[in-house]
Amino acid sequence: MFVARLAALTAAALCVVSTADAKTLRWASQGDALTLDPYSQNEGPTTAMNTHFYDALISRDPKLAKVPGLALSWKPISPEVWEFKLRPDVKFSDGTPFTADDVVFSYNRALAPSSDFRAYISSIKEVKAIDPLTVHIITAGPNPILPDYTTSILIMSKAWSEKHNVTKPQNFKDKEETYAVRNAMGTGPYMVKQRDPDVRTVMVKNPTYWGAKEFPNYPDELVYTPIKEPATRVAALISGQVDFVLDAPLQDIARIKQTAGLKTEETAQVRSIFLGLDMGSAELKYSDVKGKNPFADKRVRQAMYQAIDINAIKAKVMRNFAAPAGLITSPGVHGYTQALDQRLKYDVAAAKKLMAEAGYPNGFSVALDCPNDRYNNDEPICQAVTGMLAQIGIKVDLQARSKTLHFPKVQKKDSSMFLLGWGVPTLDSHYVFTFLYQTNDPAKKVGGWNYTNYSNAKLDELTDAMLKEVDQAKRDKMIADAWALAVADMPYLPLHHQLIVWSMSDKVTIPIFANDSPNFKYSTIK
Amino acid sequence: MLAFIVSRLLQSLAVMLAVSFVCFTLFNFVGDPVNNMVGQEAGPAEREEMRRELGLEDSVAIQFLRFLGNAATGNFGKSYRLARPVSDLIVERMPATLELVAVAALLALSMGIPLGVLTALRRNSVDSGAIMTFSLAGVAMPTFVIGILLIYVFSVECKTWAPAIGLPPDWCFPSFGRGETVKLGWWNTGLLTASGLKAIVLPAFTLSLFQMTLVLRLVRSQMLEVLRTDYIKFARARGLTDRAVHFRHALKNTLLPVITVIGIQVGGLIAFSIITETVFQWPGMGQLFIQSVQFADIPVMAAYLVMVSFIFVAINFFVDLLYAAIDPRLRLDRAQLGTAGG
Amino acid sequence: MSDRSTTLARFRDSDMWWSFRRSPLTVAAALVTLVYFMAAAFAPWVAPFDPFDVKSLNLMDAFTPPAWNEGGTAKHPLGTDNQGRDMLSAILYGSRVSLMIGLAAIVLSVTTGVLLGLLAGFRGGWVESVIMRMADIQLTVPAILIALTLDGVARVVLPKGVHDSVAIWVLVLSIGFAYWPQFARVTRATTLAEKNKDYVNAARIIGVPGARIALAHVLPNAWGPVLVIATIELALAVIAEASLSYLGVGMPATQPSLGTLIRIGNAFLFSGEWWIVIFPALALVVLSLSVNLLGDWLRDALNPRLR
């Protein structure tokens, strides 16, 4: 009896193996999505995963241009009303039709208190279904960049959510477990087949997908495995256990390129890496200079800037997978220009002279807070900076930590100097100013990530104005003026824009996305 | 005997209580789970509110009592990171770890015992010298170095050398994960599929090497002790064959204490599996623990430590009982055997 | 107390010295261990560079291969790491850190273990029960788990800046705390065997204080087994430190131990810069192997029955 069962199970297991040679793409990255509820966590890998099950009104193509998703067209019909015309004949993967009611339901769900996406659509006053294929989004005051913000709001089914009692986003704060956390049902190219968080996620093709004509050849099945150890991730790719690795360590890219049967795709990522300096406090918390703040003196900030040999970091730490930056926003973001993105020259002699002029000929000591598991080679970057600043007498006490400890410390303003990276999901400069440069003001919900205590009234004013300005030319001028102020005041020392490299088997083709979120409906596998 | 069992049981309970308290209070200070749960852009007010909602503002004593009451009913709360009941997570991950530990223990015994006997019987020969030196390598090499080397040789470089010596290229071993798994009730096993069996080879070997050398050395020294005892000399004098003396008499007397020590060593395997699981990306409890430490996921960490301590205490309890059953004189002092565990 | 020359003479004629000379492997192990200790003690004088001095590092020197490889220079015989640090110097200083942690941890656990063992043996009663049950409990939990837990906790309780400057002592405490029970057990066993012997009773009758009897008369009987265990556990402590560093909770990259060097180098195993991981790994394995061989020999030598 037992033997018979064992045999049956073995046979069943072998069947599992044999089905795996349909068109399956196996891929890996460092960390898994936190939840499948599309509004519960605003985190890169989470949204990247959910985009395979759900669509937004407007999608981003591989060039990150806005393309029709569930909406075919959109236009402002008055300063405060945007009209979206929906795609007809779209079905959810359970076969039910998609209508304007689902959009209204989804936006209301994304505005619920437990949603992590409220900040994106906080300007929305009301979402109205005009007819089954028309939706009006009414904002409080004009919002010219609303369509950019809608690309992050994925659309769920009203009926499915009601049936499974998930009409509110999963409340991460209360450790809530809802049906939507491990199940997903949308209009997207894939459906969930198996979901073991942190272990394995299997997705299969959605037979009712509206884009089947446009995307006829994407893989039938995706198997995702998170692999935390970088060396193991590379080993898995080289030994052929996975077909695609999102984040292979930079030093292994050369080897991957040389390995027969493997290739890479590279692009500039929309993410800049920089150092933040507490320039606004009366005295630095972690320094041997007492009674005054050396970072308040622009000459010191500029000396540090010019003491950093960014090309050495690029060559040795980043293996050339970085573009030296003069601006903490990347190409592809509205308001970025090549002209602004120029670095001050690397010049140790000039830096020493500036330090002497500022009254620190022998330097001073300061602690640098650095994450060690967030950005590409973050800790080695900080180590390199530590050595370079030693050349102008600044003794850096490097404190590298996991991101779970680094971010809270910085957010408590408990840091004199820190490393940070900033991506721009909206692809508009306003996002950078409002979080990093505006005077920190919790009541106004602005300056949320400005931990430098930097404050410039002119810049604050420009930032507020550029949110509501509908005249494109005027708005562009505001952005350019704001960047000029930001660059001149130098509260941050820019380092580089990250380049991302996706590594994969020759059998795979996929266009690289500059937001580092792979969308496998654009992929094929032989 | 009953009094002995009761007293040991009470001691075990006291230990569990102490362990629960220690791991809870200690981890009460670890990390800040708040940042992982609100988005990067949440304001300080939202963060404060979340701290209150999580009960992180209450006193340590209140938080511990809450924890203890829940733990007693198998409810370790929900993971901060995965937002799922911790007991579900542990139950999901336990089969992977237990299978790895079981296969490693099997390897350690099936190789350690024969090699230990061999080196004891032929203690001055060249091959036993070689085995002893190799066993030292097992002790001297850190687990993670062994694992990394095995991956390098048997899964990465293997693609090059295996075909060269006539092996098929798919002979190479996987470098991570469990392969295909099959559900037997709630137990998710990798031991019933070809890919699952293949996937367990490298991690189990890596994990077992240290314990294998310990077993080898323990068996060797016990065997040497036994071979010196009077009754073995007497058996020889009676003219029994070497074979009968060695295997019927000496080995039997060697193994009884050894097997009980193995029980304790299983605890060691569970702890070392943290490192092995990290190297091989094995989806077990050890990996869950390390991930939880990185995310300051207090409920999972506390539950893991309580679980593992429970396993250790239970094993120890049964080992004690076994000892008492075998030899009442050993009831109070197994110091000599304990030290051999290293 | 005999004078020095007779002690030496007695040692030269002893079984131990004889068995030592008879085993070339042991002699080699002893020599290698000695070299490590010397290198560790004199690292600041023998190392070509000071790897802790960030000012001397030049990032453009990073990833220089060993001298005999193409692109290598005699300036860096074993090459440089990812920060341009000289590997030879880093390994010398790293061995120093690893040995310091190992030795200090063992000294700590010997002191704690021996004192508790003596106390348990002499006092008996509930003191003995409490101490020995604590030892039992700790022996059931593997040392690495205890050290991992303690170190992890210390990293969070202490502010990071403070932690890095005291990281070495946190490791010493977490590892040292994990190994005391072995010493307590063996000392207690010796104490129990010795405490009712005539010379102890005699000393007691003539009014020698208890502490003095314990330390001057009973304790010397325990040194043999304590030394054996200490040697073997020194190797284990060095490995434990390396494992903690591999899991990222050991020494910081600015003051690397051998384990930290391996963790840093591990990232370059597949990228062709093998010397960054292979040399520290070899150094660790050879150190641990030598100490283990010495420990093995000591055990056999002090327990002649098993030879």
# chains A, B, ... in the order shown; residues from 1 in each chain; ligands from 1

$ residues_around --residues "Phe210 in chain B" --least-positions-apart "6" --cutoff "9 Å" --atoms "only C-alpha atoms" --output "PyMOL selection string"
chain B and resi 108+135+138-143

$ write_last_selection --atoms "N, CA, C and O atoms" --output "short mmCIF file (atom, residue, chain, number, x, y, z; two decimals), in the first residue's frame"
data_model
loop_
_atom_site.label_atom_id
_atom_site.label_comp_id
_atom_site.auth_asym_id
_atom_site.auth_seq_id
_atom_site.Cartn_x
_atom_site.Cartn_y
_atom_site.Cartn_z
N ALA B 108 26.62 11.64 8.11
CA ALA B 108 27.64 11.74 9.16
C ALA B 108 27.82 10.38 9.82
O ALA B 108 28.94 9.95 10.08
N SER B 135 40.07 14.12 8.35
CA SER B 135 39.04 14.49 9.33
C SER B 135 39.40 15.82 9.97
O SER B 135 38.53 16.60 10.33
N GLY B 138 38.16 18.48 7.91
CA GLY B 138 36.74 18.69 8.15
C GLY B 138 36.50 19.62 9.32
O GLY B 138 35.58 20.43 9.32
N VAL B 139 37.34 19.50 10.35
CA VAL B 139 37.19 20.37 11.51
C VAL B 139 37.74 21.76 11.21
O VAL B 139 37.18 22.77 11.64
N ALA B 140 38.84 21.79 10.43
CA ALA B 140 39.54 23.06 10.25
C ALA B 140 38.89 23.96 9.21
O ALA B 140 39.04 25.17 9.26
N MET B 141 38.16 23.38 8.25
CA MET B 141 37.57 24.20 7.19
C MET B 141 36.23 24.75 7.66
O MET B 141 35.35 23.99 8.03
N PRO B 142 36.03 26.05 7.61
CA PRO B 142 34.72 26.59 7.96
C PRO B 142 33.66 26.08 6.98
O PRO B 142 33.94 25.91 5.79
N THR B 143 32.45 25.85 7.50
CA THR B 143 31.35 25.33 6.68
C THR B 143 31.15 26.12 5.40
O THR B 143 30.97 25.55 4.33
#

$ closest_residue --among "A:Thr259, A:Thr47, A:Gln411, A:Asn519" --to "chain C" --atoms "only C-alpha atoms"
A:Thr259

$ closest_atom_pairs --of "range 186-282 of chain C" --to "range 69-91 of chain C" --cutoff "9 Å" --atoms "only C-alpha atoms" --output "JSON lines"
{"residue": "C:Pro256", "atom": "CA", "partner": "C:Ala90", "partner_atom": "CA", "distance": 7.5}
{"residue": "C:Ser257", "atom": "CA", "partner": "C:Ile91", "partner_atom": "CA", "distance": 8.0}
{"residue": "C:Leu258", "atom": "CA", "partner": "C:Ile91", "partner_atom": "CA", "distance": 6.6}
{"residue": "C:Leu261", "atom": "CA", "partner": "C:Ile91", "partner_atom": "CA", "distance": 7.9}
{"residue": "C:Ile264", "atom": "CA", "partner": "C:Asn82", "partner_atom": "CA", "distance": 8.4}
{"residue": "C:Gly265", "atom": "CA", "partner": "C:Asp81", "partner_atom": "CA", "distance": 7.7}
{"residue": "C:Phe268", "atom": "CA", "partner": "C:Asn82", "partner_atom": "CA", "distance": 8.9}
{"residue": "C:Glu273", "atom": "CA", "partner": "C:Asp81", "partner_atom": "CA", "distance": 8.5}
{"residue": "C:Trp275", "atom": "CA", "partner": "C:Gly79", "partner_atom": "CA", "distance": 7.1}
{"residue": "C:Ile276", "atom": "CA", "partner": "C:Asp81", "partner_atom": "CA", "distance": 5.6}
{"residue": "C:Phe279", "atom": "CA", "partner": "C:Leu78", "partner_atom": "CA", "distance": 7.9}
{"residue": "C:Pro280", "atom": "CA", "partner": "C:Ile91", "partner_atom": "CA", "distance": 6.1}

$ closest_residue --among "C:Lys197, C:Ile106, C:Leu118, C:Gln182" --to "Leu236 in chain C" --atoms "only C-alpha atoms"
C:Ile106

$ interface_residues --of "chain C" --to "chain A" --cutoff "6 Å" --atoms "only C-alpha atoms" --output "NGL selection string"
:C and (54-55 or 271)

$ select_by_dssp --residues "range 197-336 of chain A" --states "alpha helix (DSSP H)" --output "VMD selection string"
chain A and resid 230 to 238 253 to 258 298 to 307 310 to 312

$ residues_around --residues "Gly117 in chain C" --least-positions-apart "3" --cutoff "12 Å" --atoms "only C-alpha atoms" --output "ChimeraX atom specification"
/B:335 /C:109-114,120-124,127-135,180-192,214-215,218-219,222,226

$ residues_around --residues "Pro169 in chain A" --least-positions-apart "6" --cutoff "9 Å" --atoms "only C-alpha atoms" --output "NGL selection string"
:A and (37-40 or 109-110 or 112-116 or 178 or 180)

$ write_last_selection --atoms "all heavy atoms" --output "tab-separated table (two decimals), in the first residue's frame"
chain	number	residue	atom	x	y	z
A	37	ASP	N	-0.72	42.13	-2.82
A	37	ASP	CA	-1.72	43.19	-2.81
A	37	ASP	C	-1.10	44.44	-3.43
A	37	ASP	O	-0.12	44.97	-2.92
A	37	ASP	CB	-2.16	43.49	-1.37
A	37	ASP	CG	-3.37	44.43	-1.34
A	37	ASP	OD1	-3.37	45.42	-2.11
A	37	ASP	OD2	-4.30	44.18	-0.57
A	38	PRO	N	-1.66	44.90	-4.55
A	38	PRO	CA	-0.93	45.93	-5.31
A	38	PRO	C	-0.86	47.30	-4.64
A	38	PRO	O	-0.12	48.15	-5.10
A	38	PRO	CB	-1.70	46.03	-6.63
A	38	PRO	CG	-3.04	45.44	-6.35
A	38	PRO	CD	-2.86	44.45	-5.25
A	39	TYR	N	-1.62	47.54	-3.56
A	39	TYR	CA	-1.54	48.87	-2.94
A	39	TYR	C	-0.95	48.83	-1.53
A	39	TYR	O	-0.94	49.81	-0.82
A	39	TYR	CB	-2.91	49.56	-2.84
A	39	TYR	CG	-3.77	49.46	-4.06
A	39	TYR	CD1	-5.13	49.26	-3.97
A	39	TYR	CD2	-3.20	49.58	-5.33
A	39	TYR	CE1	-5.92	49.17	-5.11
A	39	TYR	CE2	-3.98	49.48	-6.46
A	39	TYR	CZ	-5.34	49.27	-6.35
A	39	TYR	OH	-6.10	49.18	-7.46
A	40	SER	N	-0.49	47.66	-1.13
A	40	SER	CA	-0.11	47.53	0.27
A	40	SER	C	1.30	48.03	0.54
A	40	SER	O	1.58	48.56	1.60
A	40	SER	CB	-0.25	46.07	0.69
A	40	SER	OG	0.05	45.92	2.03
A	109	ARG	N	-9.93	52.23	-3.51
A	109	ARG	CA	-9.18	51.29	-2.68
A	109	ARG	C	-7.77	51.83	-2.45
A	109	ARG	O	-7.23	51.75	-1.34
A	109	ARG	CB	-9.12	49.93	-3.40
A	109	ARG	CG	-8.60	48.79	-2.53
A	109	ARG	CD	-8.65	47.48	-3.31
A	109	ARG	NE	-8.32	46.32	-2.48
A	109	ARG	CZ	-7.09	45.88	-2.29
A	109	ARG	NH1	-6.07	46.50	-2.85
A	109	ARG	NH2	-6.86	44.82	-1.53
A	110	ALA	N	-7.16	52.40	-3.50
A	110	ALA	CA	-5.79	52.92	-3.37
A	110	ALA	C	-5.73	54.16	-2.49
A	110	ALA	O	-4.65	54.55	-2.05
A	110	ALA	CB	-5.21	53.22	-4.75
A	112	ALA	N	-7.53	54.33	0.32
A	112	ALA	CA	-7.89	53.90	1.68
A	112	ALA	C	-6.71	54.11	2.62
A	112	ALA	O	-5.56	54.14	2.19
A	112	ALA	CB	-8.30	52.43	1.67
A	113	PRO	N	-7.00	54.25	3.93
A	113	PRO	CA	-5.90	54.53	4.88
A	113	PRO	C	-4.80	53.48	4.86
A	113	PRO	O	-3.64	53.80	5.09
A	113	PRO	CB	-6.62	54.55	6.23
A	113	PRO	CG	-8.04	54.82	5.92
A	113	PRO	CD	-8.31	54.25	4.56
A	114	SER	N	-5.12	52.23	4.59
A	114	SER	CA	-4.10	51.19	4.64
A	114	SER	C	-3.29	51.12	3.35
A	114	SER	O	-2.42	50.27	3.21
A	114	SER	CB	-4.73	49.84	4.94
A	114	SER	OG	-5.74	49.55	4.00
A	115	SER	N	-3.57	51.98	2.39
A	115	SER	CA	-2.83	51.95	1.13
A	115	SER	C	-1.49	52.67	1.29
A	115	SER	O	-1.39	53.67	2.00
A	115	SER	CB	-3.64	52.64	0.04
A	115	SER	OG	-2.81	52.99	-1.04
A	116	ASP	N	-0.47	52.15	0.62
A	116	ASP	CA	0.85	52.77	0.65
A	116	ASP	C	1.03	53.68	-0.58
A	116	ASP	O	2.11	54.19	-0.82
A	116	ASP	CB	1.91	51.68	0.66
A	116	ASP	CG	3.24	52.17	1.23
A	116	ASP	OD1	3.22	53.14	2.00
A	116	ASP	OD2	4.28	51.60	0.89
A	178	THR	N	-4.59	38.87	4.16
A	178	THR	CA	-5.85	38.80	3.44
A	178	THR	C	-5.68	37.89	2.24
A	178	THR	O	-4.57	37.48	1.90
A	178	THR	CB	-6.28	40.19	2.93
A	178	THR	OG1	-5.37	40.57	1.89
A	178	THR	CG2	-6.25	41.24	4.02
A	180	ALA	N	-5.81	38.64	-0.75
A	180	ALA	CA	-5.08	39.28	-1.85
A	180	ALA	C	-3.56	39.26	-1.65
A	180	ALA	O	-2.82	39.61	-2.54
A	180	ALA	CB	-5.54	40.73	-2.01

$ closest_residue --among "B:Leu251, B:Ile311, B:Leu98, B:Leu322" --to "Arg220 in chain B" --atoms "only C-alpha atoms"
B:Leu251
